[in-house]
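Note sheet for the following structure.
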Amino acid sequence: MKALLRVASAFLLLSCPAFAQNNSAFDVGVITKDVEKHFRACPRREVVSKYKRGLRKSIWQKEAWGPPLDVVADVRSNDSIIYPYVLTVEFNLGVTWGPDRESKADAEKDTELFRSPALVNLGADTWKNRNVYLLGKDGIRLKAREVFKGQWQERAILNDACWDWVGTQ
């Protein structure tokens, strides 16, 4: 009976995430700081788009999102054996625009971008975002990309935005 209890106790210790992380290279604090560092290093995302404006045929305008501001990473325990931690990274993205241009080439040259006065007056010149990851000793897995619009909602993926790919490669 004592031998059975010793085997059962050893099994429980080995299956405990805290014990497993002490015996491996898995360090949730290091991973959290590394992911936060990658978010802070993301560059501004710029695109030039064509729009219809009233009766005018079309205009071109440069838009930019980011870089991520106020980046905060937080980790908490999870009840999963495979992914015993949940890492949440919250950040703000500023959104800016260039003036209306007649050609794409002119819009691409714009370096002075501005925030919409209407959005600034509403206090919405930045968008609160978060990425939620599952962490385990086998790696990191993206669970959700979200934006806060009165409540957290799924956010569209921007293929060329660094913050949408941190921890997914």
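Following the order of the structure tokens, chains are lettered A, B, ..., residues in each are numbered from 1, and ligands are numbered from 1.
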Please identify all polymer residues within 8 Å of Lys104 in chain A, counting only C-alpha atoms, omitting same-chain residues fewer than 4 positions from it, and present them as number ranges by chain.
A: 48-50, 60-61, 108
Every residue of range 35-90 of chain A that DSSP places in alpha helix (DSSP H), as a PyMOL selection string
chain A and resi 35-40
Could the residues in this selection be written to a file with N, CA and C atoms, as a PDB file, in the first residue's frame?
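What follows is the written file part07.pdb:
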```pdb
ATOM      1  N   VAL A  35       7.582  38.242 -25.252  1.00  0.00           N
ATOM      2  CA  VAL A  35       6.417  38.598 -26.076  1.00  0.00           C
ATOM      3  C   VAL A  35       6.137  40.096 -25.958  1.00  0.00           C
ATOM      4  N   GLU A  36       6.195  40.635 -24.747  1.00  0.00           N
ATOM      5  CA  GLU A  36       5.981  42.068 -24.541  1.00  0.00           C
ATOM      6  C   GLU A  36       7.012  42.888 -25.321  1.00  0.00           C
ATOM      7  N   LYS A  37       8.274  42.443 -25.282  1.00  0.00           N
ATOM      8  CA  LYS A  37       9.353  43.125 -26.011  1.00  0.00           C
ATOM      9  C   LYS A  37       9.078  43.131 -27.513  1.00  0.00           C
ATOM     10  N   HIS A  38       8.594  42.000 -28.054  1.00  0.00           N
ATOM     11  CA  HIS A  38       8.285  41.934 -29.482  1.00  0.00           C
ATOM     12  C   HIS A  38       7.157  42.901 -29.853  1.00  0.00           C
ATOM     13  N   PHE A  39       6.150  43.031 -29.006  1.00  0.00           N
ATOM     14  CA  PHE A  39       5.075  43.993 -29.276  1.00  0.00           C
ATOM     15  C   PHE A  39       5.614  45.413 -29.300  1.00  0.00           C
ATOM     16  N   ARG A  40       6.448  45.754 -28.334  1.00  0.00           N
ATOM     17  CA  ARG A  40       7.013  47.106 -28.265  1.00  0.00           C
ATOM     18  C   ARG A  40       7.890  47.423 -29.477  1.00  0.00           C
TER      19      ARG A  40
END
```
Please report, as a tab-separated table, each residue of range 54-87 of chain A lying at most 8 Å from range 130-148 of chain A, together with the nearest pair of atoms and the separation in Å rounded to one decimal; use only C-alpha atoms, and order rows by chain and ascending residue number.
```
residue	atom	partner	partner_atom	distance
A:Ile82	CA	A:Gly136	CA	6.0
A:Tyr83	CA	A:Gly136	CA	4.3
A:Pro84	CA	A:Gly136	CA	5.8
A:Tyr85	CA	A:Leu135	CA	5.0
A:Val86	CA	A:Leu134	CA	4.8
A:Leu87	CA	A:Tyr133	CA	5.0
```
Export of the given selection (N, CA and C atoms) as a compact mmCIF listing (two decimals), in the first residue's frame:
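The result, stored in out.txt:
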```txt
# COMPACT_ATOMS: atom_id res chain seq x y z
N ILE A 82 -2.11 20.83 -20.80
CA ILE A 82 -1.25 21.11 -21.96
C ILE A 82 -0.79 22.56 -21.97
N TYR A 83 -1.70 23.49 -21.66
CA TYR A 83 -1.38 24.92 -21.62
C TYR A 83 -1.73 25.45 -20.23
N PRO A 84 -0.82 25.32 -19.26
CA PRO A 84 -1.14 25.70 -17.88
C PRO A 84 -1.16 27.20 -17.60
N TYR A 85 -0.91 28.04 -18.63
CA TYR A 85 -0.92 29.49 -18.43
C TYR A 85 -1.64 30.18 -19.58
N VAL A 86 -2.26 31.32 -19.25
CA VAL A 86 -2.87 32.20 -20.25
C VAL A 86 -2.11 33.52 -20.19
N LEU A 87 -1.60 33.96 -21.32
CA LEU A 87 -0.87 35.22 -21.43
C LEU A 87 -1.75 36.19 -22.20
```
Do you know which residues are at most 9 Å from range 88-99 of chain A counting only C-alpha atoms, after dropping those on the same chain fewer than 5 positions away, and could you put them as a VMD selection string?
chain A and resid 32 35 to 36 39 60 to 76 107 110 to 116 124 to 134
Cys162 in chain A surroundings by only C-alpha atoms, 9 Å radius, close-in-sequence under 6 positions cut, as a list in words
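Once the adjacent positions are removed, what remains is His38, Phe39, Ala41, Cys42, Pro43, Arg44 and Arg45 of chain A.
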Could you state the separation of CA of Gly167 in chain A and CA of Gly150 in chain A in Å, given to one decimal place?
26.5 Å
Enter the distance from CA of Trp163 in chain A to CA of Ile31 in chain A, in Å, rounded to one decimal.
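Separation of CA of Trp163 in chain A and CA of Ile31 in chain A: 15.8 Å.
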